[in-house]
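Here is input.pdb, consisting of PDB, C-alpha atoms:
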ATOM      1  CA  MET A  21     -40.248   5.609  32.100
ATOM      2  CA  PRO A  22     -37.482   7.775  33.573
ATOM      3  CA  ARG A  23     -36.313   6.833  37.044
ATOM      4  CA  THR A  24     -34.932   9.465  39.360
ATOM      5  CA  ALA A  25     -34.805   7.432  42.555
ATOM      6  CA  PRO A  26     -32.154   4.769  43.145
ATOM      7  CA  LEU A  27     -33.085   1.434  41.610
ATOM      8  CA  ARG A  28     -33.981  -1.432  43.940
ATOM      9  CA  PRO A  29     -32.331  -4.802  43.181
ATOM     10  CA  CYS A  30     -35.503  -6.062  41.430
ATOM     11  CA  ALA A  31     -35.722  -2.988  39.199
ATOM     12  CA  LEU A  32     -31.979  -3.134  38.614
ATOM     13  CA  ALA A  33     -32.286  -6.705  37.359
ATOM     14  CA  LEU A  34     -34.985  -5.595  34.926
ATOM     15  CA  ALA A  35     -32.759  -2.764  33.773
ATOM     16  CA  LEU A  36     -30.212  -5.380  32.716
ATOM     17  CA  LEU A  37     -32.510  -6.117  29.816
ATOM     18  CA  LEU A  38     -31.438  -2.848  28.248
ATOM     19  CA  ALA A  39     -27.875  -4.067  27.759
ATOM     20  CA  PRO A  40     -26.762  -5.470  24.417
ATOM     21  CA  LEU A  41     -27.416  -9.174  24.949
ATOM     22  CA  ALA A  42     -26.528 -10.854  21.695
ATOM     23  CA  PRO A  43     -23.161 -12.592  21.356
ATOM     24  CA  ALA A  44     -20.424 -10.935  19.334
ATOM     25  CA  HIS A  45     -20.948 -13.279  16.381
ATOM     26  CA  ALA A  46     -24.635 -12.367  15.991
ATOM     27  CA  GLN A  47     -25.646 -10.146  13.108
ATOM     28  CA  ALA A  48     -26.283  -6.467  13.895
ATOM     29  CA  GLU A  49     -29.925  -6.691  12.842
ATOM     30  CA  GLY A  50     -30.515  -9.608  15.204
ATOM     31  CA  GLU A  51     -28.898  -7.655  18.036
ATOM     32  CA  GLN A  52     -31.114  -4.658  17.396
ATOM     33  CA  MET A  53     -34.219  -6.864  17.278
ATOM     34  CA  GLN A  54     -33.275  -8.483  20.598
ATOM     35  CA  LEU A  55     -32.623  -5.095  22.187
ATOM     36  CA  CYS A  56     -36.008  -3.878  21.011
ATOM     37  CA  VAL A  57     -37.790  -6.955  22.405
ATOM     38  CA  ASN A  58     -35.926  -6.604  25.705
ATOM     39  CA  SER A  59     -36.918  -2.957  25.891
ATOM     40  CA  CYS A  60     -40.587  -3.857  25.420
ATOM     41  CA  LEU A  61     -40.286  -6.429  28.188
ATOM     42  CA  TYR A  62     -38.654  -3.849  30.458
ATOM     43  CA  HIS A  63     -41.352  -1.230  29.845
ATOM     44  CA  PHE A  64     -44.439  -3.465  29.512
ATOM     45  CA  GLY A  65     -43.510  -6.807  31.133
ATOM     46  CA  PRO A  66     -44.297  -9.439  32.097
ATOM     47  CA  ALA A  67     -44.471 -11.272  28.790
ATOM     48  CA  SER A  68     -48.119 -12.167  29.470
ATOM     49  CA  ASN A  69     -49.098  -8.473  29.267
ATOM     50  CA  PRO A  70     -50.874  -7.665  25.951
ATOM     51  CA  ARG A  71     -49.103  -4.280  25.908
ATOM     52  CA  TYR A  72     -45.753  -6.141  25.726
ATOM     53  CA  HIS A  73     -46.904  -8.059  22.629
ATOM     54  CA  ALA A  74     -48.249  -4.864  21.036
ATOM     55  CA  CYS A  75     -44.923  -3.125  21.648
ATOM     56  CA  VAL A  76     -42.983  -5.978  20.001
ATOM     57  CA  ALA A  77     -45.345  -6.006  17.019
ATOM     58  CA  GLU A  78     -45.319  -2.218  16.537
ATOM     59  CA  GLN A  79     -41.771  -1.261  17.435
ATOM     60  CA  CYS A  80     -39.690  -4.366  16.741
ATOM     61  CA  GLU A  81     -41.268  -6.546  14.067
ATOM     62  CA  GLN A  82     -42.517  -3.755  11.791
ATOM     63  CA  ALA A  83     -39.342  -1.671  12.119
ATOM     64  CA  ALA A  84     -36.827  -4.556  12.026
ATOM     65  CA  PRO A  85     -35.934  -4.533   8.314
ATOM     66  CA  SER A  86     -35.025  -0.846   8.327
ATOM     67  CA  ARG A  87     -33.793  -0.572  11.920
ATOM     68  CA  GLN A  88     -30.371   1.093  12.104
ATOM     69  CA  PRO A  89     -28.579   2.215  15.247
ATOM     70  CA  ALA A  90     -29.224   5.921  15.822
ATOM     71  CA  GLN A  91     -25.580   6.307  16.775
ATOM     72  CA  PRO A  92     -23.149   4.186  14.772
ATOM     73  CA  PRO A  93     -20.609   2.198  16.749
ATOM     74  CA  SER A  94     -17.315   3.978  17.230
ATOM     75  CA  GLN A  95     -13.989   2.239  17.354
ATOM     76  CA  GLY A  96     -11.035   2.881  19.603
ATOM     77  CA  ALA A  97      -9.293   0.563  22.057
ATOM     78  CA  GLY A  98     -12.164  -1.893  21.791
ATOM     79  CA  TRP A  99     -14.811   0.431  23.240
ATOM     80  CA  ARG A 100     -17.811   1.279  21.085
ATOM     81  CA  ASN A 101     -20.903   3.412  21.512
ATOM     82  CA  GLY A 102     -24.399   2.683  20.379
ATOM     83  CA  THR A 103     -28.076   3.077  21.097
ATOM     84  CA  ALA A 104     -30.956   0.727  21.780
ATOM     85  CA  ASP A 105     -34.620   1.019  22.645
ATOM     86  CA  GLY A 106     -35.366   3.286  19.703
ATOM     87  CA  GLY A 107     -32.503   5.586  20.633
ATOM     88  CA  ARG A 108     -33.610   6.090  24.250
ATOM     89  CA  THR A 109     -30.844   3.931  25.748
ATOM     90  CA  HIS A 110     -27.245   4.957  25.133
ATOM     91  CA  TYR A 111     -24.341   2.653  25.862
ATOM     92  CA  ALA A 112     -20.581   2.291  25.812
ATOM     93  CA  ARG A 113     -19.291  -1.282  25.597
ATOM     94  CA  VAL A 114     -16.126  -3.337  25.431
ATOM     95  CA  GLN A 115     -15.942  -7.069  24.796
ATOM     96  CA  SER A 116     -13.104  -9.569  24.850
ATOM     97  CA  GLY A 117     -13.998 -13.181  24.218
ATOM     98  CA  ARG A 118     -16.903 -14.187  26.435
ATOM     99  CA  LEU A 119     -16.543 -11.164  28.743
ATOM    100  CA  ALA A 120     -18.247  -7.828  28.147
ATOM    101  CA  LEU A 121     -18.631  -4.671  30.195
ATOM    102  CA  SER A 122     -21.226  -2.031  29.362
ATOM    103  CA  TYR A 123     -22.164   1.376  30.725
ATOM    104  CA  MET A 124     -25.741   2.333  29.810
ATOM    105  CA  CYS A 125     -28.140   5.144  30.591
ATOM    106  CA  GLN A 126     -31.393   6.797  29.634
ATOM    107  CA  ARG A 127     -32.295  10.457  29.897
ATOM    108  CA  GLY A 128     -33.602  11.199  33.382
ATOM    109  CA  SER A 129     -31.920   8.251  35.125
ATOM    110  CA  GLU A 130     -28.522   7.353  36.513
ATOM    111  CA  GLY A 131     -26.316   4.960  34.585
ATOM    112  CA  LEU A 132     -25.786   1.243  35.058
ATOM    113  CA  VAL A 133     -22.762  -0.987  34.594
ATOM    114  CA  ALA A 134     -23.449  -4.492  33.289
ATOM    115  CA  VAL A 135     -21.071  -7.452  33.153
ATOM    116  CA  GLU A 136     -21.641 -10.419  30.839
ATOM    117  CA  GLY A 137     -19.772 -13.708  30.686
ATOM    118  CA  MET A 138     -19.179 -14.522  34.363
ATOM    119  CA  ALA A 139     -20.773 -17.847  35.339
ATOM    120  CA  GLY A 140     -20.464 -17.874  39.142
ATOM    121  CA  SER A 141     -23.074 -17.114  41.748
ATOM    122  CA  PRO A 142     -24.393 -13.529  41.631
ATOM    123  CA  GLY A 143     -23.169 -12.556  45.089
ATOM    124  CA  SER A 144     -19.621 -13.725  44.410
ATOM    125  CA  LEU A 145     -18.804 -11.222  41.646
ATOM    126  CA  VAL A 146     -15.948  -8.884  42.523
ATOM    127  CA  LEU A 147     -14.961  -6.040  40.210
ATOM    128  CA  ARG A 148     -11.602  -4.289  40.603
ATOM    129  CA  ILE A 149     -10.461  -1.248  38.662
ATOM    130  CA  ASP A 150      -6.674  -0.888  38.620
ATOM    131  CA  GLY A 151      -6.527  -3.217  41.638
ATOM    132  CA  ARG A 152      -9.088  -1.257  43.680
ATOM    133  CA  ARG A 153     -12.162  -3.246  44.695
ATOM    134  CA  MET A 154     -15.486  -1.632  43.885
ATOM    135  CA  ALA A 155     -17.700  -2.467  46.861
ATOM    136  CA  GLN A 156     -21.071  -2.437  45.122
ATOM    137  CA  PRO A 157     -23.608  -5.261  44.988
ATOM    138  CA  PHE A 158     -24.499  -6.683  41.595
ATOM    139  CA  ALA A 159     -27.979  -7.920  40.691
ATOM    140  CA  ALA A 160     -28.249 -10.876  38.286
ATOM    141  CA  SER A 161     -30.530 -11.603  35.345
ATOM    142  CA  GLY A 162     -30.067 -14.073  32.504
ATOM    143  CA  GLY A 163     -26.332 -14.547  32.948
ATOM    144  CA  MET A 164     -25.671 -10.842  33.367
ATOM    145  CA  ARG A 165     -24.748  -8.807  36.442
ATOM    146  CA  ALA A 166     -25.443  -5.088  36.896
ATOM    147  CA  THR A 167     -24.970  -2.321  39.406
ATOM    148  CA  GLN A 168     -25.561   1.416  39.477
ATOM    149  CA  ALA A 169     -22.884   3.783  38.252
ATOM    150  CA  ALA A 170     -24.163   7.034  39.713
ATOM    151  CA  ARG A 171     -22.490  10.341  38.947
ATOM    152  CA  GLY A 172     -19.689  10.993  41.393
ATOM    153  CA  SER A 173     -19.393   7.321  42.418
ATOM    154  CA  ALA A 174     -16.060   5.529  42.754
ATOM    155  CA  MET A 175     -17.318   3.022  40.174
ATOM    156  CA  LEU A 176     -17.920   5.675  37.522
ATOM    157  CA  ALA A 177     -14.702   7.554  38.310
ATOM    158  CA  GLY A 178     -12.719   4.327  37.950
ATOM    159  CA  LEU A 179     -14.349   3.455  34.639
ATOM    160  CA  LEU A 180     -13.708   6.939  33.273
ATOM    161  CA  GLY A 181     -10.033   7.098  34.224
ATOM    162  CA  GLY A 182      -8.792   3.582  34.866
ATOM    163  CA  SER A 183      -6.607   1.372  32.723
ATOM    164  CA  GLY A 184      -8.158  -2.045  33.353
ATOM    165  CA  VAL A 185     -10.954  -4.012  35.011
ATOM    166  CA  GLU A 186     -10.458  -7.363  36.731
ATOM    167  CA  LEU A 187     -13.481  -9.586  37.288
ATOM    168  CA  ALA A 188     -13.652 -12.601  39.575
ATOM    169  CA  ASP A 189     -16.362 -14.858  40.964
ATOM    170  CA  ASP A 190     -16.530 -18.333  42.469
ATOM    171  CA  ARG A 191     -16.199 -19.941  39.004
ATOM    172  CA  GLY A 192     -13.596 -17.873  37.210
ATOM    173  CA  ARG A 193     -11.653 -14.709  36.458
ATOM    174  CA  GLY A 194     -11.242 -12.316  33.574
ATOM    175  CA  SER A 195     -10.108  -8.839  32.633
ATOM    176  CA  LEU A 196     -11.061  -6.097  30.210
ATOM    177  CA  PRO A 197      -9.238  -2.954  29.032
ATOM    178  CA  LEU A 198     -10.373   0.533  29.961
ATOM    179  CA  ALA A 199      -8.303   2.303  27.293
ATOM    180  CA  GLY A 200     -10.831   4.487  25.462
ATOM    181  CA  SER A 201     -13.539   3.971  28.106
ATOM    182  CA  GLY A 202     -13.532   7.577  29.293
ATOM    183  CA  ARG A 203     -14.331   8.949  25.849
ATOM    184  CA  ALA A 204     -16.964   6.298  25.130
ATOM    185  CA  ILE A 205     -18.715   6.565  28.512
ATOM    186  CA  ARG A 206     -18.693  10.370  28.443
ATOM    187  CA  ALA A 207     -20.308  10.258  24.984
ATOM    188  CA  ALA A 208     -23.071   7.974  26.288
ATOM    189  CA  MET A 209     -23.557  10.178  29.360
ATOM    190  CA  ALA A 210     -23.752  13.340  27.256
ATOM    191  CA  ALA A 211     -26.428  11.727  25.096
ATOM    192  CA  CYS A 212     -28.392  11.021  28.292
ATOM    193  CA  GLY A 213     -27.940  14.564  29.595
ATOM    194  CA  LEU A 214     -25.581  13.380  32.361
ATOM    195  CA  ARG A 215     -22.267  14.813  33.484
ATOM    196  CA  PRO A 216     -19.619  12.737  35.316
TER     197      PRO A 216
END

Translate the structure of the given file into structure tokens.
Amino acid sequence: MPRTAPLRPCALALALLLAPLAPAHAQAEGEQMQLCVNSCLYHFGPASNPRYHACVAEQCEQAAPSRQPAQPPSQGAGWRNGTADGGRTHYARVQSGRLALSYMCQRGSEGLVAVEGMAGSPGSLVLRIDGRRMAQPFAASGGMRATQAARGSAMLAGLLGGSGVELADDRGRGSLPLAGSGRAIRAAMAACGLRP
């Protein structure tokens, strides 16, 4: 369901389920299956809802053997593009070790930025782009953190034109490159009908 209003923290946490969740060593088919299941949970959750189980059976289990990403991953400075949720969710992603950063969107809604691999408390996450702190709250779900990346925001501008991201929380630090992020994020945005 397209969202045009800003996401509340609860809805933002649910939107985290759209991000690619499988670890880097997982097989592509397993990743796509997990993304499909997460999408069903997002659209028809909670898991006790019969519509959720019908979605998994119809869209994930029956389509799994032939499921291919609608947009093949692209390479370049570690950033790659892809789709999930039957092609409705478009993403740009970079991963280094345990850390990953993703921009994702759907047609009719603003984008989100998700961070994976930080183990500290949700409220302690600080994201800096080229040394500049992005003062946005992150919601947490299943080891992931996410925040909105609305068009025209400092967060989105930094991701499109920055050279690096530094992450820190009360349990650790990490960094990820932004080389190639502008091209990858713009491609995801264009697929969602968004302009920076």

Next on the checklist: Can you pull out the residues contacting range 134-144 of chain A? Cut-off 6 Å, using all atoms listed in the file, and skip same-chain residues under 4 positions away; I want them as a PyMOL selection string.
Outcome noted: chain A and resi 118-122+160+164-166+189-191

Next on the checklist: Residues proximal to (-20.2, 11.3, 39.6) were defined as those with any atom within 12 Å of that point in the file's coordinates, counting all atoms listed in the file. Which are they, as a list in words?
Outcome noted: Glu130, Gly131, Gln168, Ala169, Ala170, Arg171, Gly172, Ser173, Ala174, Met175, Leu176, Ala177, Gly178, Leu179, Leu180, Arg206, Met209, Leu214, Arg215 and Pro216 of chain A

Next on the checklist: Given the PyMOL selection byres ((chain A and resi 195) around 8) and the file above, list the residues it selects as a ChimeraX atom specification.
Outcome noted: /A:119,184-187,193-194,196-197

Next on the checklist: So the first atom is CA of Met124 in chain A and the second is CA of Ala208 in chain A; what is the distance between them in Å, to one decimal place?
Outcome noted: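 The value is 7.2 Å.
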
Item to check | Two-atom distance - CA of Asp105 in chain A, CA of Asn58 in chain A (Å) | outcome: 8.3 Å

Next on the checklist: Taking the file as I've supplied it (selection: the PyMOL selection byres ((chain A and resi 203) around 12)), which residues are included? Please answer as a ChimeraX atom specification.
Outcome noted: /A:94-101,111-113,123,179-182,198-202,204-210,216

Next on the checklist: If I take CA of Leu55 in chain A and CA of Gly213 in chain A, how far is one from the other in Å, to one decimal?
Outcome noted: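 Distance reported for this atom pair: 21.5 Å.
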
Next on the checklist: Taking (-33.4, 4.7, 30.1) as a centre in this file's frame and 7 Å as the limit, can you find every polymer residue with an atom that close, using all atoms listed in the file, and give them as a ChimeraX atom specification?
Outcome noted: /A:22,108-109,125-127,129

Box for range 205-210 of chain A: with edges along x, y and z, all listed atoms inside and 4 Å added on each side, what are the centre and edge lengths in Å to one decimal, as JSON?
{"center_x": -21.2, "center_y": 10.0, "center_z": 27.2, "size_x": 13.1, "size_y": 14.8, "size_z": 12.4}

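Here the PyMOL selection byres ((chain A and resi 146) around 6) matches the residues Leu145, Leu147, Leu187 and Ala188 of chain A.
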
Based on the selection just made, write C-alpha atoms of those residues as an mmCIF file, in the frame of the given file.
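Generated output (out.cif):
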data_model
loop_
_atom_site.group_PDB
_atom_site.id
_atom_site.type_symbol
_atom_site.label_atom_id
_atom_site.label_comp_id
_atom_site.auth_asym_id
_atom_site.auth_seq_id
_atom_site.Cartn_x
_atom_site.Cartn_y
_atom_site.Cartn_z
ATOM 1 C CA LEU A 145 -18.804 -11.222 41.646
ATOM 2 C CA LEU A 147 -14.961 -6.040 40.210
ATOM 3 C CA LEU A 187 -13.481 -9.586 37.288
ATOM 4 C CA ALA A 188 -13.652 -12.601 39.575
#

Next on the checklist: So, with all atoms listed in the file as the atoms that count, which of A:Cys75, A:His110, A:Thr167, A:Thr103 lies closest to Ala155 in chain A?
Outcome noted: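 Closest to Ala155 in chain A of all the choices is A:Thr167.
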